[in-house]
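Chemist: What follows is coords32.tsv, TSV, C-alpha atoms and all ligand atoms.
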chain	number	residue	atom	x	y	z
A	28	MET	CA	23.71	-35.80	-39.16
A	29	PRO	CA	20.68	-34.74	-41.22
A	30	ARG	CA	18.53	-35.30	-38.17
A	31	LYS	CA	20.59	-32.70	-36.25
A	32	ILE	CA	20.13	-30.16	-39.02
A	33	ASP	CA	16.40	-30.84	-39.04
A	34	ARG	CA	16.21	-30.25	-35.31
A	35	ARG	CA	18.10	-26.99	-35.58
A	36	TRP	CA	15.74	-25.71	-38.28
A	37	PHE	CA	12.78	-26.86	-36.25
A	38	SER	CA	14.14	-24.97	-33.17
A	39	LEU	CA	14.59	-21.82	-35.23
A	40	LEU	CA	11.05	-22.12	-36.54
A	41	VAL	CA	9.69	-22.52	-32.98
A	42	ALA	CA	11.73	-19.52	-31.80
A	43	ALA	CA	10.38	-17.40	-34.66
A	44	VAL	CA	6.78	-18.36	-33.87
A	45	VAL	CA	7.28	-17.61	-30.16
A	46	ALA	CA	8.89	-14.25	-30.97
A	47	VAL	CA	5.97	-13.21	-33.15
A	48	ALA	CA	3.49	-14.36	-30.51
A	49	LEU	CA	5.26	-12.31	-27.83
A	50	VAL	CA	5.20	-9.02	-29.75
A	51	PRO	CA	1.79	-7.94	-28.43
A	52	VAL	CA	2.81	-8.91	-24.88
A	53	PHE	CA	5.81	-6.63	-24.95
A	54	ALA	CA	3.79	-3.91	-26.62
A	55	VAL	CA	1.31	-4.00	-23.73
A	56	GLN	CA	4.07	-3.97	-21.12
A	57	ASP	CA	5.54	-0.87	-22.71
A	58	GLU	CA	2.45	1.18	-22.01
A	59	ARG	CA	3.10	4.04	-19.66
A	60	PRO	CA	0.79	5.07	-16.81
A	61	THR	CA	-2.42	6.65	-18.04
A	62	ARG	CA	-3.14	10.23	-17.12
A	63	ARG	CA	-6.44	11.92	-16.94
A	64	PRO	CA	-7.16	15.26	-15.36
A	65	GLN	CA	-8.63	15.44	-11.88
A	66	PRO	CA	-11.42	17.95	-11.27
A	67	ASN	CA	-8.92	20.55	-10.11
A	68	GLY	CA	-6.73	20.03	-13.16
A	69	GLN	CA	-4.00	18.11	-11.38
A	70	PRO	CA	-2.67	15.05	-13.19
A	71	ARG	CA	-3.94	11.69	-12.10
A	72	PHE	CA	-1.73	8.67	-12.44
A	73	GLU	CA	-2.80	5.13	-12.35
A	74	ARG	CA	-1.17	1.82	-13.02
A	75	ALA	CA	-3.54	-1.08	-13.22
A	76	PRO	CA	-1.90	-4.36	-12.31
A	77	ASP	CA	-1.39	-6.44	-15.43
A	78	THR	CA	-0.90	-9.92	-14.02
A	79	GLN	CA	-3.40	-12.53	-12.95
A	80	PRO	CA	-1.51	-14.99	-10.76
A	81	ALA	CA	-2.89	-18.51	-10.70
A	82	GLY	CA	-4.13	-19.70	-7.31
A	83	PRO	CA	-4.12	-17.75	-4.07
A	84	THR	CA	-2.34	-14.41	-3.89
A	85	ARG	CA	1.09	-14.80	-2.32
A	86	VAL	CA	1.52	-12.19	0.42
A	87	LEU	CA	4.69	-11.44	2.36
A	88	ILE	CA	4.31	-9.41	5.57
A	89	LEU	CA	7.45	-7.58	6.73
A	90	THR	CA	7.66	-7.00	10.46
A	91	GLY	CA	10.01	-7.31	13.44
A	92	GLN	CA	10.64	-3.67	14.36
A	93	ASN	CA	8.07	-0.94	14.94
A	94	ASN	CA	7.43	1.76	17.53
A	95	HIS	CA	3.92	0.24	17.52
A	96	ASP	CA	3.02	-3.19	18.91
A	97	TRP	CA	4.07	-5.25	15.87
A	98	GLU	CA	3.83	-8.45	17.89
A	99	ARG	CA	0.06	-7.89	18.00
A	100	THR	CA	-0.54	-5.95	14.75
A	101	THR	CA	1.10	-8.51	12.46
A	102	PRO	CA	-1.08	-11.42	13.72
A	103	LEU	CA	-4.12	-9.12	13.48
A	104	ILE	CA	-3.28	-8.32	9.84
A	105	ILE	CA	-2.77	-12.02	9.08
A	106	GLY	CA	-6.13	-12.82	10.69
A	107	ILE	CA	-7.90	-10.19	8.58
A	108	LEU	CA	-6.42	-11.58	5.35
A	109	GLU	CA	-7.21	-15.16	6.39
A	110	ASP	CA	-10.82	-14.10	6.92
A	111	ALA	CA	-11.06	-13.43	3.18
A	112	GLY	CA	-11.50	-17.12	2.38
A	113	ASP	CA	-8.75	-18.89	0.47
A	114	ARG	CA	-7.60	-15.81	-1.38
A	115	PHE	CA	-4.24	-15.35	0.30
A	116	ASP	CA	-1.18	-17.49	1.03
A	117	ILE	CA	0.56	-15.51	3.74
A	118	ASP	CA	4.19	-15.64	4.84
A	119	THR	CA	5.85	-13.42	7.42
A	120	SER	CA	9.45	-12.23	7.39
A	121	THR	CA	10.59	-10.99	10.80
A	122	SER	CA	13.62	-8.73	10.76
A	123	PRO	CA	16.39	-8.87	13.36
A	124	ALA	CA	15.46	-7.19	16.65
A	125	GLY	CA	15.96	-3.44	17.06
A	126	GLY	CA	19.60	-2.39	17.47
A	127	ALA	CA	20.97	-5.35	15.50
A	128	ASP	CA	24.46	-4.85	14.06
A	129	ASP	CA	25.67	-5.73	10.57
A	130	ALA	CA	26.24	-9.34	11.57
A	131	GLY	CA	22.70	-9.51	12.91
A	132	TRP	CA	21.31	-8.31	9.56
A	133	ALA	CA	23.54	-10.49	7.42
A	134	ASP	CA	21.04	-13.34	7.03
A	135	TRP	CA	17.85	-11.32	6.62
A	136	ARG	CA	17.17	-11.31	2.90
A	137	PRO	CA	13.40	-11.46	2.18
A	138	ARG	CA	12.69	-13.01	-1.23
A	139	PHE	CA	10.36	-10.25	-2.44
A	140	SER	CA	10.12	-11.62	-5.96
A	141	ASP	CA	8.44	-14.81	-4.67
A	142	TYR	CA	5.34	-12.76	-3.80
A	143	ASP	CA	2.48	-10.95	-5.49
A	144	VAL	CA	2.19	-8.37	-2.71
A	145	VAL	CA	4.59	-7.27	0.02
A	146	VAL	CA	2.87	-5.75	3.07
A	147	SER	CA	5.02	-3.62	5.36
A	148	ASP	CA	4.25	-3.49	9.08
A	149	TYR	CA	7.84	-2.38	9.65
A	150	ASN	CA	9.09	0.88	11.17
A	151	GLY	CA	12.61	0.47	12.48
A	152	GLN	CA	16.28	0.39	11.57
A	153	MET	CA	17.32	1.12	8.00
A	154	TRP	CA	17.54	-2.10	5.98
A	155	PRO	CA	20.91	-3.18	4.59
A	156	ALA	CA	21.70	-1.79	1.13
A	157	GLU	CA	21.26	-5.23	-0.42
A	158	VAL	CA	17.68	-5.48	0.92
A	159	ARG	CA	16.85	-1.91	-0.15
A	160	ASP	CA	18.17	-2.64	-3.65
A	161	ALA	CA	16.13	-5.85	-3.83
A	162	PHE	CA	12.96	-4.06	-2.75
A	163	GLU	CA	13.47	-1.29	-5.33
A	164	ALA	CA	14.13	-3.86	-8.06
A	165	TYR	CA	11.04	-5.85	-7.04
A	166	ILE	CA	8.72	-2.84	-7.29
A	167	ASP	CA	10.46	-1.48	-10.40
A	168	GLY	CA	9.95	-4.84	-12.07
A	169	GLY	CA	6.20	-4.86	-11.43
A	170	GLY	CA	5.95	-5.81	-7.75
A	171	LYS	CA	3.24	-4.47	-5.45
A	172	ALA	CA	3.56	-3.16	-1.92
A	173	LEU	CA	1.10	-2.10	0.75
A	174	ILE	CA	2.53	0.29	3.37
A	175	LEU	CA	0.56	0.19	6.61
A	176	HIS	CA	0.26	2.98	9.21
A	177	ALA	CA	3.67	3.62	10.83
A	178	ALA	CA	5.49	1.91	7.97
A	179	ASN	CA	5.29	5.36	6.37
A	180	ASN	CA	7.35	6.70	9.29
A	181	ALA	CA	10.33	4.56	8.32
A	182	PHE	CA	13.55	5.04	6.39
A	183	THR	CA	14.31	8.76	6.48
A	184	GLY	CA	16.84	9.42	3.73
A	185	TRP	CA	16.05	6.35	1.60
A	186	THR	CA	14.93	8.54	-1.27
A	187	GLU	CA	13.50	5.77	-3.45
A	188	TYR	CA	11.26	4.59	-0.60
A	189	GLU	CA	10.18	8.17	0.04
A	190	GLN	CA	9.38	8.48	-3.67
A	191	MET	CA	7.26	5.29	-3.62
A	192	VAL	CA	5.34	6.23	-0.48
A	193	GLY	CA	4.93	9.86	-1.47
A	194	LEU	CA	3.69	11.23	1.86
A	195	LEU	CA	5.46	10.19	5.04
A	196	TRP	CA	5.63	10.95	8.74
A	197	ARG	CA	8.16	13.78	8.45
A	198	ASN	CA	8.47	17.36	9.69
A	199	ALA	CA	6.98	20.29	7.80
A	200	ASP	CA	10.23	21.17	6.03
A	201	PHE	CA	10.64	17.73	4.50
A	202	GLY	CA	8.32	18.08	1.53
A	203	ASP	CA	4.90	18.98	0.20
A	204	ARG	CA	1.67	18.36	2.03
A	205	LEU	CA	-1.64	17.46	0.35
A	206	TYR	CA	-5.14	17.87	1.67
A	207	VAL	CA	-8.63	18.05	0.19
A	208	ASP	CA	-10.66	21.20	0.68
A	209	ALA	CA	-14.42	21.60	1.20
A	210	GLU	CA	-14.98	21.68	-2.60
A	211	GLY	CA	-13.25	18.34	-2.99
A	212	ASP	CA	-10.16	19.80	-4.66
A	213	ILE	CA	-6.66	18.64	-3.78
A	214	VAL	CA	-4.57	21.42	-2.28
A	215	ARG	CA	-0.78	21.17	-2.40
A	216	VAL	CA	1.12	23.00	0.35
A	217	GLU	CA	4.77	24.02	0.07
A	218	PRO	CA	7.43	22.66	2.43
A	219	GLY	CA	7.58	24.70	5.63
A	220	GLN	CA	4.00	25.95	5.28
A	221	GLY	CA	1.39	24.51	7.63
A	222	PRO	CA	1.72	21.55	9.98
A	223	GLY	CA	4.12	18.66	9.76
A	224	ALA	CA	3.25	15.11	10.75
A	225	GLY	CA	1.03	14.64	13.77
A	226	HIS	CA	-2.25	13.31	15.09
A	227	GLY	CA	-4.80	14.09	17.77
A	228	PRO	CA	-6.33	11.67	20.28
A	229	GLN	CA	-7.97	8.48	19.02
A	230	TYR	CA	-11.64	8.63	18.13
A	231	ASP	CA	-14.16	7.29	15.57
A	232	TRP	CA	-13.83	9.22	12.30
A	233	PRO	CA	-15.40	9.00	8.86
A	234	ILE	CA	-13.42	7.95	5.78
A	235	THR	CA	-14.50	9.23	2.36
A	236	HIS	CA	-13.43	7.66	-0.89
A	237	ARG	CA	-12.47	10.00	-3.72
A	238	GLU	CA	-12.24	7.75	-6.76
A	239	ASP	CA	-14.33	5.13	-8.52
A	240	HIS	CA	-11.82	2.44	-7.74
A	241	PRO	CA	-12.42	-1.34	-7.61
A	242	ILE	CA	-11.61	-1.48	-3.88
A	243	PHE	CA	-14.61	0.81	-3.22
A	244	GLU	CA	-17.12	-1.00	-5.44
A	245	GLY	CA	-20.45	-1.32	-3.61
A	246	LEU	CA	-19.28	0.72	-0.61
A	247	PRO	CA	-20.89	3.92	0.67
A	248	THR	CA	-19.00	7.09	-0.24
A	249	THR	CA	-18.36	7.73	3.45
A	250	TRP	CA	-18.22	5.27	6.33
A	251	MET	CA	-17.37	5.51	10.03
A	252	HIS	CA	-13.95	4.10	10.85
A	253	ALA	CA	-13.66	2.76	14.40
A	254	ARG	CA	-11.46	4.46	17.02
A	255	ASP	CA	-8.04	5.09	15.54
A	256	GLU	CA	-5.28	7.63	15.19
A	257	LEU	CA	-5.88	10.09	12.34
A	258	TYR	CA	-2.56	11.12	10.81
A	259	HIS	CA	-2.29	14.67	9.51
A	260	GLY	CA	0.38	16.83	7.89
A	261	GLN	CA	2.14	13.96	6.13
A	262	ARG	CA	5.02	15.20	3.97
A	263	GLY	CA	6.95	14.10	0.94
A	264	PRO	CA	7.52	14.39	-2.81
A	265	ALA	CA	3.87	13.31	-3.37
A	266	GLU	CA	4.47	12.79	-7.10
A	267	ASP	CA	2.15	10.80	-9.39
A	268	MET	CA	-0.26	10.14	-6.52
A	269	THR	CA	-3.77	8.84	-7.05
A	270	LEU	CA	-5.53	9.90	-3.86
A	271	LEU	CA	-8.14	7.25	-3.11
A	272	ALA	CA	-9.54	8.14	0.31
A	273	THR	CA	-9.40	10.90	2.90
A	274	ALA	CA	-10.56	11.48	6.47
A	275	TYR	CA	-11.84	14.70	7.97
A	276	SER	CA	-9.46	15.66	10.77
A	277	THR	CA	-11.26	17.35	13.66
A	278	THR	CA	-10.33	16.58	17.27
A	279	GLY	CA	-6.77	17.78	17.83
A	280	GLY	CA	-6.31	17.89	14.08
A	281	THR	CA	-6.33	20.22	11.11
A	282	GLY	CA	-9.98	20.85	10.12
A	283	VAL	CA	-9.41	19.52	6.58
A	284	HIS	CA	-9.63	16.19	4.78
A	285	GLU	CA	-6.30	14.39	5.22
A	286	PRO	CA	-5.04	11.72	2.76
A	287	MET	CA	-5.65	8.20	4.10
A	288	ILE	CA	-5.19	5.80	1.16
A	289	TRP	CA	-3.32	6.42	-2.09
A	290	THR	CA	-1.28	4.70	-4.79
A	291	ILE	CA	1.91	5.67	-6.58
A	292	PRO	CA	3.38	3.89	-9.62
A	293	TYR	CA	7.09	3.10	-9.42
A	294	GLY	CA	8.66	1.62	-12.52
A	295	ASP	CA	6.30	-1.18	-13.52
A	296	GLY	CA	5.05	-1.64	-9.95
A	297	THR	CA	2.56	-0.01	-7.61
A	298	VAL	CA	2.83	1.08	-3.99
A	299	MET	CA	-0.32	1.67	-1.94
A	300	THR	CA	-0.13	3.51	1.36
A	301	PHE	CA	-2.81	2.97	3.97
A	302	LEU	CA	-2.65	5.17	7.06
A	303	PRO	CA	-5.29	3.74	9.44
A	304	GLY	CA	-4.30	0.95	11.81
A	305	HIS	CA	-2.79	2.21	15.08
A	306	LEU	CA	-2.03	-0.09	18.00
A	307	TRP	CA	0.37	1.10	20.66
A	308	ARG	CA	2.19	-1.18	23.05
A	309	GLY	CA	0.00	-1.66	26.10
A	310	GLN	CA	-3.07	-0.22	24.37
A	311	ARG	CA	-6.08	-2.37	25.16
A	312	GLU	CA	-8.47	-1.24	22.41
A	313	THR	CA	-8.07	-2.94	19.03
A	314	ASP	CA	-11.09	-1.18	17.49
A	315	ALA	CA	-9.21	-0.05	14.37
A	316	PHE	CA	-8.33	-3.65	13.45
A	317	ARG	CA	-11.82	-4.89	14.31
A	318	CYS	CA	-13.45	-2.21	12.14
A	319	VAL	CA	-15.37	-3.91	9.33
A	320	GLY	CA	-14.41	-1.05	7.00
A	321	TYR	CA	-10.70	-1.46	7.71
A	322	ARG	CA	-10.87	-5.23	7.33
A	323	THR	CA	-12.74	-5.06	4.03
A	324	LEU	CA	-10.41	-2.43	2.57
A	325	LEU	CA	-7.28	-4.32	3.65
A	326	GLN	CA	-8.51	-7.52	1.98
A	327	ARG	CA	-9.65	-5.72	-1.15
A	328	SER	CA	-6.45	-3.67	-1.46
A	329	CYS	CA	-4.26	-6.79	-1.32
A	330	GLU	CA	-6.46	-8.51	-3.86
A	331	TRP	CA	-6.52	-5.54	-6.22
A	332	LEU	CA	-2.76	-5.00	-6.00
A	333	ALA	CA	-2.16	-8.64	-6.94
A	334	THR	CA	-4.85	-9.21	-9.56
A	335	GLY	CA	-6.28	-5.85	-10.64
A	336	GLU	CA	-9.70	-7.12	-9.60
A	337	VAL	CA	-11.80	-7.18	-6.46
A	338	THR	CA	-13.98	-10.17	-5.59
A	339	VAL	CA	-14.09	-9.69	-1.80
A	340	PRO	CA	-17.78	-8.98	-1.14
A	341	VAL	CA	-19.22	-6.09	0.85
A	342	PRO	CA	-20.12	-7.47	4.31
A	343	ASP	CA	-23.72	-6.98	5.47
A	344	ASP	CA	-22.43	-5.19	8.57
A	345	PHE	CA	-20.28	-2.65	6.69
A	346	PRO	CA	-20.31	0.65	8.63
A	347	THR	CA	-22.50	3.53	7.54
A	348	ALA	CA	-21.61	7.21	7.47
A	349	GLU	CA	-23.05	7.59	10.98
A	350	GLU	CA	-22.43	4.23	12.64
A	351	ARG	CA	-19.27	2.30	13.15
A	352	SER	CA	-19.19	-1.50	12.92
A	353	VAL	CA	-16.62	-3.76	14.58
A	354	VAL	CA	-16.23	-7.54	14.83
A	355	PRO	CA	-16.11	-9.01	18.35
A	356	GLU	CA	-12.78	-9.21	20.21
B	401	ZN	ZN	0.09	5.00	15.46
Take the structure in the file and give it back as structure tokens.
Modeler:
Amino acid sequence: MPRKIDRRWFSLLVAAVVAVALVPVFAVQDERPTRRPQPNGQPRFERAPDTQPAGPTRVLILTGQNNHDWERTTPLIIGILEDAGDRFDIDTSTSPAGGADDAGWADWRPRFSDYDVVVSDYNGQMWPAEVRDAFEAYIDGGGKALILHAANNAFTGWTEYEQMVGLLWRNADFGDRLYVDAEGDIVRVEPGQGPGAGHGPQYDWPITHREDHPIFEGLPTTWMHARDELYHGQRGPAEDMTLLATAYSTTGGTGVHEPMIWTIPYGDGTVMTFLPGHLWRGQRETDAFRCVGYRTLLQRSCEWLATGEVTVPVPDDFPTAEERSVVPE
């Protein structure tokens, strides 16, 4: 009997030591997003990832429905991440085919919490409530998501998703629009004013980064992105956005710098939206996915979301402000 009592006291002692040791951990986790003013006085929100997973970053790519050619884009995205050495362990979760009924969706339950980063290449039917709830809980609990191109078209009416993505492919009445003017200031446009979502023909266009962010370390301020669709007039709540990069919209566009890459904190998590990356069904050219700038930024964004650091080097053939650079087909 005395041995049992000894063990119980020993357990209590261990618990007390652990509790004291954990105090600073919880104190750090309680920190709220930092704010510092942007040049135009608008608030700037940032949430640096606070975890350093051991081993390769675990990435889950969501696909299976998209008005774009997801059967080609998803393998292209996987290939780009695999080109970053051994940094990423990549799984793919393919949803039921378009038009699936409730029974068809019953078994599709991606295990978001098994991953450091969830990449969405999905633009299709609304997910079941259980999957939406799981995705919200994953991000709220510190998960990271990367929303690619038409994935920002998805899920009209899923207000939490629209909050996380901030600017989406919606009509002009849906929400605010942001652009950057010639002075580099962010301009916020009211719903109903100016254009809604659209794009001109595909061409080569320069991307400019707007923040000293780890994903841009060592890169030129502006580089030529290879032939792609340039989204303009994206709409949404656009709250707590850190606007990372823009593109000047000319041909068939708006004549201003349109948001291209941004982050939004959601709970303890972070959602990054990344608008380049168009590939239509039947389209032959894959220039956007072969662009060295796109490839580098995709790798670096996944790494930063997962670890808060960027170790992916700047390739020697990174595009310049004047000249595009693509890897061979
Ligand atoms: Zn597109």
Chemist: State, in Å with one decimal place, the distance from atom CA of Val216 of chain A to atom CA of Gly279 of chain A.
Modeler: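 Rounded to one decimal, the two atoms are 19.9 Å apart.
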Chemist: With all atoms listed in the file counted and 12 Å as the cut-off, give the residues of segment 237-334 of chain A in contact with segment 188-203 of chain A, each with its shortest interatomic distance in Å and the pair that gives it, as JSON lines.
Modeler:
{"residue": "A:Tyr258", "atom": "CA", "partner": "A:Trp196", "partner_atom": "CA", "distance": 8.4}
{"residue": "A:His259", "atom": "CA", "partner": "A:Trp196", "partner_atom": "CA", "distance": 8.8}
{"residue": "A:Gly260", "atom": "CA", "partner": "A:Ala199", "partner_atom": "CA", "distance": 7.5}
{"residue": "A:Gln261", "atom": "CA", "partner": "A:Leu195", "partner_atom": "CA", "distance": 5.1}
{"residue": "A:Arg262", "atom": "CA", "partner": "A:Leu194", "partner_atom": "CA", "distance": 4.7}
{"residue": "A:Gly263", "atom": "CA", "partner": "A:Gly202", "partner_atom": "CA", "distance": 4.3}
{"residue": "A:Pro264", "atom": "CA", "partner": "A:Gly193", "partner_atom": "CA", "distance": 5.4}
{"residue": "A:Ala265", "atom": "CA", "partner": "A:Gly193", "partner_atom": "CA", "distance": 4.1}
{"residue": "A:Glu266", "atom": "CA", "partner": "A:Gly193", "partner_atom": "CA", "distance": 6.4}
{"residue": "A:Asp267", "atom": "CA", "partner": "A:Gly193", "partner_atom": "CA", "distance": 8.4}
{"residue": "A:Met268", "atom": "CA", "partner": "A:Gly193", "partner_atom": "CA", "distance": 7.2}
{"residue": "A:Thr269", "atom": "CA", "partner": "A:Gly193", "partner_atom": "CA", "distance": 10.4}
{"residue": "A:Leu270", "atom": "CA", "partner": "A:Gly193", "partner_atom": "CA", "distance": 10.7}
{"residue": "A:Glu285", "atom": "CA", "partner": "A:Leu194", "partner_atom": "CA", "distance": 11.0}
{"residue": "A:Pro286", "atom": "CA", "partner": "A:Leu194", "partner_atom": "CA", "distance": 8.8}
{"residue": "A:Met287", "atom": "CA", "partner": "A:Leu194", "partner_atom": "CA", "distance": 10.1}
{"residue": "A:Ile288", "atom": "CA", "partner": "A:Leu194", "partner_atom": "CA", "distance": 10.4}
{"residue": "A:Trp289", "atom": "CA", "partner": "A:Val192", "partner_atom": "CA", "distance": 8.8}
{"residue": "A:Thr290", "atom": "CA", "partner": "A:Val192", "partner_atom": "CA", "distance": 8.0}
{"residue": "A:Ile291", "atom": "CA", "partner": "A:Met191", "partner_atom": "CA", "distance": 6.1}
{"residue": "A:Pro292", "atom": "CA", "partner": "A:Met191", "partner_atom": "CA", "distance": 7.3}
{"residue": "A:Tyr293", "atom": "CA", "partner": "A:Met191", "partner_atom": "CA", "distance": 6.2}
{"residue": "A:Gly294", "atom": "CA", "partner": "A:Met191", "partner_atom": "CA", "distance": 9.7}
{"residue": "A:Asp295", "atom": "CA", "partner": "A:Met191", "partner_atom": "CA", "distance": 11.9}
{"residue": "A:Gly296", "atom": "CA", "partner": "A:Met191", "partner_atom": "CA", "distance": 9.6}
{"residue": "A:Thr297", "atom": "CA", "partner": "A:Met191", "partner_atom": "CA", "distance": 8.1}
{"residue": "A:Val298", "atom": "CA", "partner": "A:Met191", "partner_atom": "CA", "distance": 6.1}
{"residue": "A:Met299", "atom": "CA", "partner": "A:Val192", "partner_atom": "CA", "distance": 7.4}
{"residue": "A:Thr300", "atom": "CA", "partner": "A:Val192", "partner_atom": "CA", "distance": 6.4}
{"residue": "A:Phe301", "atom": "CA", "partner": "A:Val192", "partner_atom": "CA", "distance": 9.8}
{"residue": "A:Leu302", "atom": "CA", "partner": "A:Leu195", "partner_atom": "CA", "distance": 9.7}
Chemist: Which of these, A:Asp148, A:Asp167, A:Asp128, A:Glu336, has the shortest distance to ligand ZN 401 (chain B) once you count only C-alpha atoms and all ligand atoms?
Modeler: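 Smallest separation from ligand ZN 401 (chain B) among the options: A:Asp148.
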Chemist: Could you pull out the residues sitting within 8 Å of ligand ZN 401 (chain B), using all atoms listed in the file, and write them as a list of chain:residue names?
Modeler: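 Listed by chain and ascending number, the contacts are A:His95, A:His176, A:Ala177, A:Glu256, A:Gly304, A:His305, A:Leu306, A:Trp307.
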Chemist: Take atom CA of Leu175 of chain A and atom CA of Trp154 of chain A and report the distance between them in Å, one decimal.
Modeler: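 Answer for the atom CA of Leu175 of chain A to atom CA of Trp154 of chain A separation: 17.1 Å.
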Chemist: Quick check, in Å to one decimal: how far apart do atom CA of Val207 of chain A and atom CA of Val339 of chain A lie?
Modeler: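 It comes out at 28.3 Å.
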Chemist: In the coordinate frame of the file, compute which residues have an atom within 7 Å of (4.4, -2.0, -2.9) when using all atoms listed in the file, and state them as a ChimeraX atom specification.
Modeler: /A:144-145,166,170-174,297-299
Chemist: Take the residues that were just selected and, keeping C-alpha atoms, output them as a PDB file, keeping the file's coordinate frame.
Modeler:
ATOM      1  CA  VAL A 144       2.190  -8.370  -2.710  1.00  0.00           C
ATOM      2  CA  VAL A 145       4.590  -7.270   0.020  1.00  0.00           C
ATOM      3  CA  ILE A 166       8.720  -2.840  -7.290  1.00  0.00           C
ATOM      4  CA  GLY A 170       5.950  -5.810  -7.750  1.00  0.00           C
ATOM      5  CA  LYS A 171       3.240  -4.470  -5.450  1.00  0.00           C
ATOM      6  CA  ALA A 172       3.560  -3.160  -1.920  1.00  0.00           C
ATOM      7  CA  LEU A 173       1.100  -2.100   0.750  1.00  0.00           C
ATOM      8  CA  ILE A 174       2.530   0.290   3.370  1.00  0.00           C
ATOM      9  CA  THR A 297       2.560  -0.010  -7.610  1.00  0.00           C
ATOM     10  CA  VAL A 298       2.830   1.080  -3.990  1.00  0.00           C
ATOM     11  CA  MET A 299      -0.320   1.670  -1.940  1.00  0.00           C
TER      12      MET A 299
END
Chemist: Considering all atoms listed in the file, can you say which of A:Ser122, A:Gln92, A:Thr338, A:Thr183 comes closest to Thr323 of chain A?
Modeler: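 Under the stated criterion, the closest residue is A:Thr338.
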Chemist: Go through A:Glu312, A:Glu163, A:Asp343, A:Asp231 one by one, measure the shortest atom-to-atom distance of each to Gly245 of chain A using only C-alpha atoms, and give the residue with the smallest value.
Modeler: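 For Gly245 of chain A, the nearest of the candidates is A:Asp343.
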Chemist: When you look at Val158 of chain A with a cut-off of 12 Å (counting only C-alpha atoms), what residues show up, excluding the ones that are within fewer than 2 positions of it in the same chain? I need them as a PyMOL selection string.
Modeler: chain A and resi 89+122+132-140+153-156+160-165+185
Chemist: Could you check the closest approach to Glu109 of chain A for each of A:Val354, A:Thr249, A:Gly309, A:Thr84 and tell me which residue wins, using only C-alpha atoms?
Modeler: A:Thr84
Chemist: Considering only C-alpha atoms, state which residue in the set A:Val283, A:Ala209, A:Ala348, A:Val214 is at the smallest distance from Pro233 of chain A.
Modeler: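 Among the listed residues, the smallest separation from Pro233 of chain A belongs to A:Ala348.
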Chemist: For a quick check of understanding, using all atoms listed in the file, which of A:Asn94, A:Thr347, A:Thr281, A:Asn180 has the smallest distance to Pro222 of chain A?
Modeler: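 Of A:Asn94, A:Thr347, A:Thr281, A:Asn180, the one nearest Pro222 of chain A, counting all atoms listed in the file, is A:Thr281.
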Chemist: Tell me which residues come within 10 Å of (-3.8, -17.9, 2.7), as a PDB file with C-alpha atoms, keeping the file's coordinate frame, counting all atoms listed in the file in the file's coordinates.
Modeler:
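Written out: part_38.pdb:
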ATOM      1  CA  PRO A  83      -4.120 -17.750  -4.070  1.00  0.00           C
ATOM      2  CA  THR A  84      -2.340 -14.410  -3.890  1.00  0.00           C
ATOM      3  CA  ARG A  85       1.090 -14.800  -2.320  1.00  0.00           C
ATOM      4  CA  VAL A  86       1.520 -12.190   0.420  1.00  0.00           C
ATOM      5  CA  ILE A 105      -2.770 -12.020   9.080  1.00  0.00           C
ATOM      6  CA  GLY A 106      -6.130 -12.820  10.690  1.00  0.00           C
ATOM      7  CA  LEU A 108      -6.420 -11.580   5.350  1.00  0.00           C
ATOM      8  CA  GLU A 109      -7.210 -15.160   6.390  1.00  0.00           C
ATOM      9  CA  ASP A 110     -10.820 -14.100   6.920  1.00  0.00           C
ATOM     10  CA  ALA A 111     -11.060 -13.430   3.180  1.00  0.00           C
ATOM     11  CA  GLY A 112     -11.500 -17.120   2.380  1.00  0.00           C
ATOM     12  CA  ASP A 113      -8.750 -18.890   0.470  1.00  0.00           C
ATOM     13  CA  ARG A 114      -7.600 -15.810  -1.380  1.00  0.00           C
ATOM     14  CA  PHE A 115      -4.240 -15.350   0.300  1.00  0.00           C
ATOM     15  CA  ASP A 116      -1.180 -17.490   1.030  1.00  0.00           C
ATOM     16  CA  ILE A 117       0.560 -15.510   3.740  1.00  0.00           C
ATOM     17  CA  ASP A 118       4.190 -15.640   4.840  1.00  0.00           C
TER      18      ASP A 118
END
Chemist: Give me, as a ChimeraX atom specification, all polymer residues having an atom no more than 12 Å from Asp239 of chain A, counting only C-alpha atoms and skipping those fewer than 2 positions away in the same chain.
Modeler: /A:235-237,241-248,269-272
Chemist: Compile the contact shell of Thr101 of chain A as a PyMOL selection string: residues with an atom at most 10 Å away, counting all atoms listed in the file, same-chain residues fewer than 4 positions apart removed.
Modeler: chain A and resi 88-91+96-97+105-107+119+121+146-149
Chemist: Write out the residues from the selection above, keeping C-alpha atoms, as a PDB file, keeping the file's coordinate frame.
Modeler:
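Here's the written file part_17.pdb:
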ATOM      1  CA  ILE A  88       4.310  -9.410   5.570  1.00  0.00           C
ATOM      2  CA  LEU A  89       7.450  -7.580   6.730  1.00  0.00           C
ATOM      3  CA  THR A  90       7.660  -7.000  10.460  1.00  0.00           C
ATOM      4  CA  GLY A  91      10.010  -7.310  13.440  1.00  0.00           C
ATOM      5  CA  ASP A  96       3.020  -3.190  18.910  1.00  0.00           C
ATOM      6  CA  TRP A  97       4.070  -5.250  15.870  1.00  0.00           C
ATOM      7  CA  ILE A 105      -2.770 -12.020   9.080  1.00  0.00           C
ATOM      8  CA  GLY A 106      -6.130 -12.820  10.690  1.00  0.00           C
ATOM      9  CA  ILE A 107      -7.900 -10.190   8.580  1.00  0.00           C
ATOM     10  CA  THR A 119       5.850 -13.420   7.420  1.00  0.00           C
ATOM     11  CA  THR A 121      10.590 -10.990  10.800  1.00  0.00           C
ATOM     12  CA  VAL A 146       2.870  -5.750   3.070  1.00  0.00           C
ATOM     13  CA  SER A 147       5.020  -3.620   5.360  1.00  0.00           C
ATOM     14  CA  ASP A 148       4.250  -3.490   9.080  1.00  0.00           C
ATOM     15  CA  TYR A 149       7.840  -2.380   9.650  1.00  0.00           C
TER      16      TYR A 149
END
